[in-house]
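Asks: The structure's right below; bear with me while I get my questions together.
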Amino acid sequence: MLSPLKLTAGQAWAAWRRYPALRRDLALPRPGPPILVTGMYRTGTTWVGAMLAAAGLWPLHEPFNPNRGLWSDELAYAPGEDPRPEIDGLVAALLRGGHREVVRLPHADRWFSPLRLLPQAPRRVLLKDPSAALLSEYLVRRHGMRALVVHRHPAAVVASFVGLGWPTGGLVRKLLSSRRLMDDWLGPAAASMEAACGRHDWVSGTVLYACVATALLGLERRNPAAMTSLSFEALCGDPIGRFRELHVRLDLPYHAGVTRAHERLTEADEARDDHPHGVRRRSAGVADRWRDEVAGPDLASVRETWERFDVPLYRDPAEWRTREGP
C-alpha cells in the first residue's frame with residue numbers, strides 16, 4: 001500500500017506530465033460565447049457538459065451550487081433586465097479563469113496541479129450548473145452566454161430524487177418564497193406548491209421539476225436565439241450524431257480526439273452506468289431505464305402531478321408506458 005506522501009508525489013507527477021497535452025487541447029477552440037448547460041437536477045447536465053467539454057473547453061462544474069462555497073442562493077431567480085452585481089462579480093471572475101477549484105479537468109482538484117498554479121486564460125468557457133437554471137436569462141442577456149437546457153422524462157428525474165433522498169419539499173418552499181418568480185411564471189401553481197412544501201416524496205419531486213420546467217420553458221420563449229432545449233432521450237438515442245451537430249452549431253472543433261472521447265462517454269459498462277453521479281453511460285439504454293424501475297402508484301402520482309401543471313413536455317401517452325404496458 002502506497003504511503004500518503006508517495007501517493008501525492010505520483011499524482012503530482014501525473015498532473016504535470018499530462019499538462020502540455022491538456023494545454024494544447026485547451027487552445028484548440030476558437031474564442032466564442034460562454035456555453036451554459038443547465039436544466040433541472042438529474043436531467044443529464046453533467047453528461048452533456050462532459051460531451052461538450054471534450055472539444056477543449058474550460059469546464060466549470062456548478063459554481064452556483066451552494067455546496068461549492070461561491071454562491072449561497074440555490075435556484076435563485078434573476079430576470080435579465082435588473083442588474084445583479086453579486087452575479088456579475090462571480091461570473092466575471094469565472095470567465096477570467098478564476099475559482100479554479102470548480103474546473104472539471106483531470107487533476108484540477110489538486111492544489112499542486114499546474115492548472116491551479118500556472119496562468120491560464122480560457123479561450124472558451126463551459127458552465128455546467130443546474131443550480132443556475134433560473135439565472136439562465138440573466139446569464140444569456142448580460143453575459144452573452146449560449147444556454148442549452150436539458151429536459152428529461154419526469155419519472156426518471158423524480159425516481160432519482162427519491163433514490164438519493166433529496167429534500168425536494170424544501171426546494172419547492174424556496175421557489176414559493178421568490179415573489180418575482182411566482183409573479184412571472186408560477187402564480188397559478190401556488191396551491192400545489194404549498195401542498196408539496198412539507199413532503200419529500202414522488203409528489204414534491206414532481207412539483208419541483210414541473211415548476212422549474214415551466215419557468216425554463218417561459219425563459220426559452222423569451223430568449224429563443226440564446227436558449228435551446230435539448231431532449232435527454234433524443235441525445236441518448238443518437239449521441240455521436242446529435243453531439244456532432246451541436247458542436248457545429250456552437251462552433252466547436254470536432255476532431256478524432258473528440259470522437260474517441262464521445263465513444264468512451266457513451267459506451268460505458270453496466271457498473272459505471274449505474275453510478276448516480278457518473279458521466280460514462282451506455283446511452284442506448286439509460287434513457288428508458290425508468291420504465292423498468294418506476295410503475296404502479298409511483299408512476300401514476302408523477303404523471304397526475306405533471307399533467308396538472310400542464311407542462312408542454314412528455315404529453316404523449318406512449319412516453320409514459322412501462323415495459324409491461326400502459
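Letters A, B, ... mark the chains of the C-alpha cells in the order given; residue numbers begin at 1 per chain; ligand numbers begin at 1, in order shown.
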Show which residues sit within 8 Å of Asp129 in chain A, as a PyMOL selection string. Count only C-alpha atoms, and ignore same-chain residues fewer than 4 positions away.
Replies: chain A and resi 36-39+45+61-65+133
Asks: Please identify all polymer residues within 9 Å of Arg173 in chain A, counting only C-alpha atoms, omitting same-chain residues fewer than 6 positions from it, and present them as a list in words.
Replies: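 Once the adjacent positions are removed, what remains is Met193, Glu194, Ala196, Cys197 and Gly198 of chain A.
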Asks: Write the residues you've just listed into a file as a CSV table (one decimal), in the first residue's frame, and include N, CA, C and O atoms for each of them.
Replies:
```
chain,number,residue,atom,x,y,z
A,193,MET,N,-47.9,24.0,-5.0
A,193,MET,CA,-46.6,24.2,-4.4
A,193,MET,C,-46.7,24.2,-2.9
A,193,MET,O,-45.9,23.5,-2.2
A,194,GLU,N,-47.7,24.9,-2.3
A,194,GLU,CA,-47.8,24.9,-0.9
A,194,GLU,C,-48.1,23.5,-0.3
A,194,GLU,O,-47.6,23.2,0.8
A,196,ALA,N,-47.0,20.8,-1.4
A,196,ALA,CA,-45.8,20.0,-1.6
A,196,ALA,C,-44.7,20.3,-0.6
A,196,ALA,O,-43.7,19.6,-0.4
A,197,CYS,N,-44.8,21.5,0.1
A,197,CYS,CA,-43.7,22.0,0.8
A,197,CYS,C,-43.3,21.1,2.0
A,197,CYS,O,-42.1,21.0,2.3
A,198,GLY,N,-44.2,20.4,2.6
A,198,GLY,CA,-43.8,19.6,3.8
A,198,GLY,C,-43.5,18.1,3.4
A,198,GLY,O,-43.4,17.3,4.3
```
Asks: Set the distance at 9 Å and use only C-alpha atoms: which residues neighbour Leu171 in chain A once local chain neighbours fewer than 6 positions away are removed? I'd like the list as a list in words.
Replies: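 Listing them by chain and then by number gives Glu74, Leu75, Cys197 and Leu208 of chain A.
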Asks: Please dump the current selection as a short mmCIF file (atom, residue, chain, number, x, y, z; two decimals), in the first residue's frame; keep C-alpha atoms.
Replies:
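What follows is the written file selection.cif:
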```cif
data_model
loop_
_atom_site.label_atom_id
_atom_site.label_comp_id
_atom_site.auth_asym_id
_atom_site.auth_seq_id
_atom_site.Cartn_x
_atom_site.Cartn_y
_atom_site.Cartn_z
CA GLU A 74 -29.81 27.88 -4.51
CA LEU A 75 -32.13 28.05 -7.52
CA CYS A 197 -43.70 22.00 0.85
CA LEU A 208 -40.25 20.81 -8.08
#
```
Asks: Which of these residues is nearest to Asn223 in chain A, using only C-alpha atoms: A:Ser136, A:Thr43, A:Ser204, A:Thr259?
Replies: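 Closest residue, counting only C-alpha atoms: A:Ser136.
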Asks: Show which residues sit within 10 Å of range 243-255 of chain A, as number ranges by chain. Count only C-alpha atoms, and ignore same-chain residues fewer than 3 positions away.
Replies: A: 28-35, 48, 51-57, 124, 146, 148, 235-236, 238-240, 258-260, 262
Asks: Keeping only N, CA and C atoms, write the selected residues to a file as a tab-separated table (two decimals), in the first residue's frame.
Replies:
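Contents of the output file out.tsv:
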```
chain	number	residue	atom	x	y	z
A	28	LEU	N	-7.37	24.69	-28.58
A	28	LEU	CA	-7.99	24.34	-29.86
A	28	LEU	C	-9.26	25.13	-30.18
A	29	PRO	N	-10.17	25.33	-29.24
A	29	PRO	CA	-11.41	26.04	-29.61
A	29	PRO	C	-11.14	27.49	-30.00
A	30	ARG	N	-11.90	27.96	-30.98
A	30	ARG	CA	-11.86	29.39	-31.27
A	30	ARG	C	-12.58	30.14	-30.14
A	31	PRO	N	-12.16	31.35	-29.85
A	31	PRO	CA	-12.90	32.13	-28.85
A	31	PRO	C	-14.36	32.27	-29.26
A	32	GLY	N	-15.23	32.23	-28.29
A	32	GLY	CA	-16.65	32.33	-28.58
A	32	GLY	C	-17.43	32.57	-27.31
A	33	PRO	N	-18.73	32.71	-27.42
A	33	PRO	CA	-19.56	32.98	-26.23
A	33	PRO	C	-19.49	31.82	-25.25
A	34	PRO	N	-19.51	32.11	-23.96
A	34	PRO	CA	-19.57	31.03	-22.98
A	34	PRO	C	-20.83	30.19	-23.19
A	35	ILE	N	-20.71	28.93	-22.86
A	35	ILE	CA	-21.84	28.00	-23.01
A	35	ILE	C	-22.33	27.61	-21.62
A	48	VAL	N	-23.98	15.84	-20.52
A	48	VAL	CA	-23.97	16.78	-21.67
A	48	VAL	C	-22.76	17.70	-21.57
A	51	MET	N	-19.61	15.82	-22.58
A	51	MET	CA	-19.54	15.59	-24.03
A	51	MET	C	-19.07	16.84	-24.76
A	52	LEU	N	-19.53	18.01	-24.34
A	52	LEU	CA	-19.12	19.25	-24.99
A	52	LEU	C	-17.70	19.65	-24.58
A	53	ALA	N	-17.36	19.44	-23.32
A	53	ALA	CA	-16.03	19.83	-22.84
A	53	ALA	C	-14.92	19.08	-23.54
A	54	ALA	N	-15.23	17.93	-24.13
A	54	ALA	CA	-14.21	17.15	-24.84
A	54	ALA	C	-13.59	17.92	-25.99
A	55	ALA	N	-14.24	19.00	-26.44
A	55	ALA	CA	-13.71	19.80	-27.54
A	55	ALA	C	-12.63	20.77	-27.09
A	56	GLY	N	-12.22	20.71	-25.84
A	56	GLY	CA	-11.17	21.60	-25.35
A	56	GLY	C	-11.69	22.82	-24.61
A	57	LEU	N	-12.94	22.75	-24.13
A	57	LEU	CA	-13.50	23.87	-23.40
A	57	LEU	C	-12.92	23.93	-21.98
A	124	ARG	N	-12.53	29.34	-24.38
A	124	ARG	CA	-13.99	29.12	-24.48
A	124	ARG	C	-14.46	28.42	-23.22
A	146	ARG	N	-24.54	31.28	-24.35
A	146	ARG	CA	-25.48	30.43	-25.08
A	146	ARG	C	-25.94	29.35	-24.12
A	148	LEU	N	-27.94	25.91	-23.11
A	148	LEU	CA	-28.51	24.64	-23.52
A	148	LEU	C	-29.27	24.10	-22.32
A	235	LEU	N	-30.82	12.77	-27.26
A	235	LEU	CA	-29.36	12.72	-27.24
A	235	LEU	C	-28.87	11.29	-27.03
A	236	CYS	N	-29.54	10.56	-26.14
A	236	CYS	CA	-29.14	9.18	-25.88
A	236	CYS	C	-29.42	8.28	-27.07
A	238	ASP	N	-29.06	8.93	-30.25
A	238	ASP	CA	-28.01	9.06	-31.28
A	238	ASP	C	-26.95	10.02	-30.76
A	239	PRO	N	-26.18	9.62	-29.75
A	239	PRO	CA	-25.29	10.59	-29.09
A	239	PRO	C	-24.20	11.12	-30.01
A	240	ILE	N	-23.58	10.27	-30.80
A	240	ILE	CA	-22.49	10.74	-31.66
A	240	ILE	C	-23.02	11.73	-32.69
A	258	VAL	N	-12.08	14.16	-30.14
A	258	VAL	CA	-13.43	14.37	-29.59
A	258	VAL	C	-14.28	13.13	-29.84
A	259	THR	N	-14.17	12.56	-31.02
A	259	THR	CA	-14.93	11.34	-31.32
A	259	THR	C	-14.58	10.22	-30.35
A	260	ARG	N	-13.28	10.04	-30.08
A	260	ARG	CA	-12.87	8.99	-29.14
A	260	ARG	C	-13.43	9.27	-27.74
A	262	HIS	N	-16.13	10.90	-27.02
A	262	HIS	CA	-17.57	10.66	-27.05
A	262	HIS	C	-17.89	9.16	-27.01
```
Asks: So what do you get for CA of Gly97 in chain A versus CA of Pro122 in chain A, distance-wise?
Replies: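 Computing the Euclidean distance for CA of Gly97 in chain A and CA of Pro122 in chain A yields 6.0 Å.
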Asks: In range 71-262 of chain A, what's strand (DSSP E or B) per DSSP? Answer as a list in words?
Replies: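 Residues of range 71-262 of chain A classed as strand (DSSP E or B): Val103, Val125, Leu126, Leu127, Lys128, Arg146, Ala147, Leu148, Val149, Val150, His151, Met227, Thr228, Ser229, Leu230 and Ser231 of chain A.
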Asks: Can I get the selected residues back with N, CA and C atoms, as a PDB file, in the first residue's frame?
Replies:
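part_12.pdb written:
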```pdb
ATOM      1  N   VAL A 103     -13.100  23.978 -11.704  1.00  0.00           N
ATOM      2  CA  VAL A 103     -12.763  23.500 -13.042  1.00  0.00           C
ATOM      3  C   VAL A 103     -12.795  21.976 -13.040  1.00  0.00           C
ATOM      4  N   VAL A 125     -15.379  29.016 -22.514  1.00  0.00           N
ATOM      5  CA  VAL A 125     -15.799  28.533 -21.204  1.00  0.00           C
ATOM      6  C   VAL A 125     -17.122  27.782 -21.316  1.00  0.00           C
ATOM      7  N   LEU A 126     -17.207  26.679 -20.602  1.00  0.00           N
ATOM      8  CA  LEU A 126     -18.457  25.948 -20.456  1.00  0.00           C
ATOM      9  C   LEU A 126     -18.821  25.936 -18.978  1.00  0.00           C
ATOM     10  N   LEU A 127     -20.014  26.417 -18.660  1.00  0.00           N
ATOM     11  CA  LEU A 127     -20.508  26.452 -17.285  1.00  0.00           C
ATOM     12  C   LEU A 127     -21.651  25.461 -17.188  1.00  0.00           C
ATOM     13  N   LYS A 128     -21.415  24.358 -16.481  1.00  0.00           N
ATOM     14  CA  LYS A 128     -22.437  23.336 -16.289  1.00  0.00           C
ATOM     15  C   LYS A 128     -23.016  23.516 -14.889  1.00  0.00           C
ATOM     16  N   ARG A 146     -24.538  31.278 -24.347  1.00  0.00           N
ATOM     17  CA  ARG A 146     -25.476  30.430 -25.077  1.00  0.00           C
ATOM     18  C   ARG A 146     -25.944  29.347 -24.119  1.00  0.00           C
ATOM     19  N   ALA A 147     -27.238  29.262 -23.874  1.00  0.00           N
ATOM     20  CA  ALA A 147     -27.761  28.315 -22.888  1.00  0.00           C
ATOM     21  C   ALA A 147     -28.346  27.090 -23.567  1.00  0.00           C
ATOM     22  N   LEU A 148     -27.935  25.915 -23.111  1.00  0.00           N
ATOM     23  CA  LEU A 148     -28.508  24.644 -23.518  1.00  0.00           C
ATOM     24  C   LEU A 148     -29.267  24.096 -22.315  1.00  0.00           C
ATOM     25  N   VAL A 149     -30.568  23.917 -22.467  1.00  0.00           N
ATOM     26  CA  VAL A 149     -31.433  23.494 -21.367  1.00  0.00           C
ATOM     27  C   VAL A 149     -31.834  22.048 -21.596  1.00  0.00           C
ATOM     28  N   VAL A 150     -31.419  21.169 -20.699  1.00  0.00           N
ATOM     29  CA  VAL A 150     -31.664  19.738 -20.858  1.00  0.00           C
ATOM     30  C   VAL A 150     -32.963  19.359 -20.157  1.00  0.00           C
ATOM     31  N   HIS A 151     -33.844  18.662 -20.880  1.00  0.00           N
ATOM     32  CA  HIS A 151     -35.095  18.145 -20.323  1.00  0.00           C
ATOM     33  C   HIS A 151     -35.062  16.616 -20.366  1.00  0.00           C
ATOM     34  N   MET A 227     -31.264  30.581 -26.073  1.00  0.00           N
ATOM     35  CA  MET A 227     -31.570  29.414 -25.255  1.00  0.00           C
ATOM     36  C   MET A 227     -32.143  28.313 -26.132  1.00  0.00           C
ATOM     37  N   THR A 228     -31.613  27.103 -25.970  1.00  0.00           N
ATOM     38  CA  THR A 228     -32.017  25.964 -26.797  1.00  0.00           C
ATOM     39  C   THR A 228     -32.360  24.781 -25.913  1.00  0.00           C
ATOM     40  N   SER A 229     -33.512  24.168 -26.152  1.00  0.00           N
ATOM     41  CA  SER A 229     -33.900  22.958 -25.423  1.00  0.00           C
ATOM     42  C   SER A 229     -33.218  21.734 -26.025  1.00  0.00           C
ATOM     43  N   LEU A 230     -32.794  20.830 -25.163  1.00  0.00           N
ATOM     44  CA  LEU A 230     -32.252  19.539 -25.580  1.00  0.00           C
ATOM     45  C   LEU A 230     -33.046  18.440 -24.883  1.00  0.00           C
ATOM     46  N   SER A 231     -33.393  17.411 -25.622  1.00  0.00           N
ATOM     47  CA  SER A 231     -34.059  16.244 -25.049  1.00  0.00           C
ATOM     48  C   SER A 231     -33.005  15.208 -24.681  1.00  0.00           C
TER      49      SER A 231
END
```
Asks: Kindly indicate which residue among A:Ala121, A:Ala50, A:Leu219, A:Ala189 lies nearest to Thr266 in chain A, using only C-alpha atoms for the distances.
Replies: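 Among the listed residues, A:Ala50 lies closest to Thr266 in chain A.
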Asks: Do a neighbour search on Tyr41 in chain A at 9 Å with only C-alpha atoms, toss out local chain neighbours closer than 5 positions, and write the hits as a VMD selection string.
Replies: chain A and resid 129 to 131 157 161 209
Asks: Identify, on the basis of only C-alpha atoms, every residue whose closest approach to Glu319 in chain A does not exceed 12 Å; exclude the query and any residue fewer than 5 positions from it along the same chain; express the result as a PyMOL selection string.
Replies: chain A and resi 152-156+233+287-288+290-291+299+303+313-314+325-326
Asks: Write a file of the just-selected residues containing N, CA and C atoms, as a compact mmCIF listing (two decimals), in the first residue's frame.
Replies:
```txt
# COMPACT_ATOMS: atom_id res chain seq x y z
N ARG A 152 -35.62 16.00 -19.33
CA ARG A 152 -35.63 14.54 -19.22
C ARG A 152 -36.98 14.09 -18.68
N HIS A 153 -37.33 12.86 -18.93
CA HIS A 153 -38.64 12.35 -18.51
C HIS A 153 -38.83 12.53 -17.01
N PRO A 154 -39.99 13.05 -16.59
CA PRO A 154 -40.23 13.28 -15.16
C PRO A 154 -40.08 12.03 -14.30
N ALA A 155 -40.49 10.87 -14.80
CA ALA A 155 -40.38 9.66 -13.99
C ALA A 155 -38.92 9.34 -13.68
N ALA A 156 -38.03 9.55 -14.64
CA ALA A 156 -36.61 9.30 -14.42
C ALA A 156 -36.02 10.29 -13.43
N GLU A 233 -33.49 12.16 -23.93
CA GLU A 233 -33.80 10.91 -24.63
C GLU A 233 -33.32 10.95 -26.08
N ALA A 287 -31.65 6.06 -21.05
CA ALA A 287 -32.79 6.99 -21.11
C ALA A 287 -34.09 6.33 -20.69
N ASP A 288 -34.24 5.04 -20.97
CA ASP A 288 -35.51 4.36 -20.70
C ASP A 288 -35.46 3.45 -19.48
N TRP A 290 -35.96 3.99 -16.46
CA TRP A 290 -37.06 4.21 -15.52
C TRP A 290 -38.26 3.31 -15.81
N ARG A 291 -38.42 2.89 -17.08
CA ARG A 291 -39.57 2.05 -17.45
C ARG A 291 -39.53 0.70 -16.75
N LEU A 299 -45.62 5.82 -10.43
CA LEU A 299 -45.70 6.39 -11.77
C LEU A 299 -46.99 7.18 -11.95
N ARG A 303 -47.24 11.13 -12.99
CA ARG A 303 -47.96 11.54 -14.20
C ARG A 303 -49.10 12.49 -13.88
N LEU A 313 -44.34 19.24 -22.17
CA LEU A 313 -43.32 18.23 -22.45
C LEU A 313 -43.85 16.89 -21.95
N TYR A 314 -43.49 15.81 -22.65
CA TYR A 314 -43.85 14.46 -22.23
C TYR A 314 -45.37 14.35 -22.05
N GLY A 325 -46.38 -2.42 -20.18
CA GLY A 325 -47.59 -1.91 -20.84
C GLY A 325 -47.96 -0.57 -20.29
N PRO A 326 -49.18 -0.07 -20.59
CA PRO A 326 -49.63 1.25 -20.18
C PRO A 326 -49.62 1.41 -18.66
```
Asks: What's the 12 Å shell around Leu70 in chain A, counting only C-alpha atoms, without same-chain residues fewer than 6 positions away, as an MDAnalysis selection string?
Replies: chainID A and resid 61:64 86:87 89:91 93:94 98:102
Asks: Only C-alpha atoms, please: the residues just picked out, written as a PDB file, in the first residue's frame.
Replies:
```
ATOM      1  CA  HIS A  61     -18.684  22.484 -12.548  1.00  0.00           C
ATOM      2  CA  GLU A  62     -21.590  24.028 -10.648  1.00  0.00           C
ATOM      3  CA  PRO A  63     -20.157  27.295  -9.317  1.00  0.00           C
ATOM      4  CA  PHE A  64     -23.709  28.344  -8.316  1.00  0.00           C
ATOM      5  CA  GLU A  86     -23.095  39.807  -6.984  1.00  0.00           C
ATOM      6  CA  ILE A  87     -23.788  37.620 -10.029  1.00  0.00           C
ATOM      7  CA  GLY A  89     -18.703  39.691  -9.985  1.00  0.00           C
ATOM      8  CA  LEU A  90     -18.729  35.912  -9.727  1.00  0.00           C
ATOM      9  CA  VAL A  91     -19.272  35.392 -13.459  1.00  0.00           C
ATOM     10  CA  ALA A  93     -14.052  36.014 -12.181  1.00  0.00           C
ATOM     11  CA  LEU A  94     -15.076  32.632 -13.627  1.00  0.00           C
ATOM     12  CA  GLY A  98     -10.621  32.372 -11.539  1.00  0.00           C
ATOM     13  CA  HIS A  99     -12.029  29.985  -8.917  1.00  0.00           C
ATOM     14  CA  ARG A 100     -10.198  27.042 -10.422  1.00  0.00           C
ATOM     15  CA  GLU A 101     -11.465  24.756  -7.693  1.00  0.00           C
ATOM     16  CA  VAL A 102     -14.631  24.381  -9.818  1.00  0.00           C
TER      17      VAL A 102
END
```
Asks: Name the residues of range 98-278 of chain A that fall into helix (DSSP H, G or I) according to DSSP on the backbone, using the chain letters and numbers of this document, as a PyMOL selection string.
Replies: chain A and resi 100-102+114-117+130-143+154-164+168-176+179-196+202-222+232-237+239-249+256-266+270-273
Asks: Which of these, A:Ala226, A:Ser113, A:Val286, A:Asp73, has the shortest distance to Met145 in chain A once you count only C-alpha atoms?
Replies: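 Between A:Ala226, A:Ser113, A:Val286, A:Asp73, the residue approaching Met145 in chain A most closely is A:Ala226.
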Asks: Report, in Å with one decimal, the straight-line distance from CA of Ala191 in chain A to CA of Val207 in chain A.
Replies: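 Distance reported for this atom pair: 10.9 Å.
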Asks: Go through A:Val311, A:Leu265, A:Pro66, A:Trp320 one by one, measure the shortest atom-to-atom distance of each to Ala213 in chain A using only C-alpha atoms, and give the residue with the smallest value.
Replies: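 Closest candidate: A:Val311.
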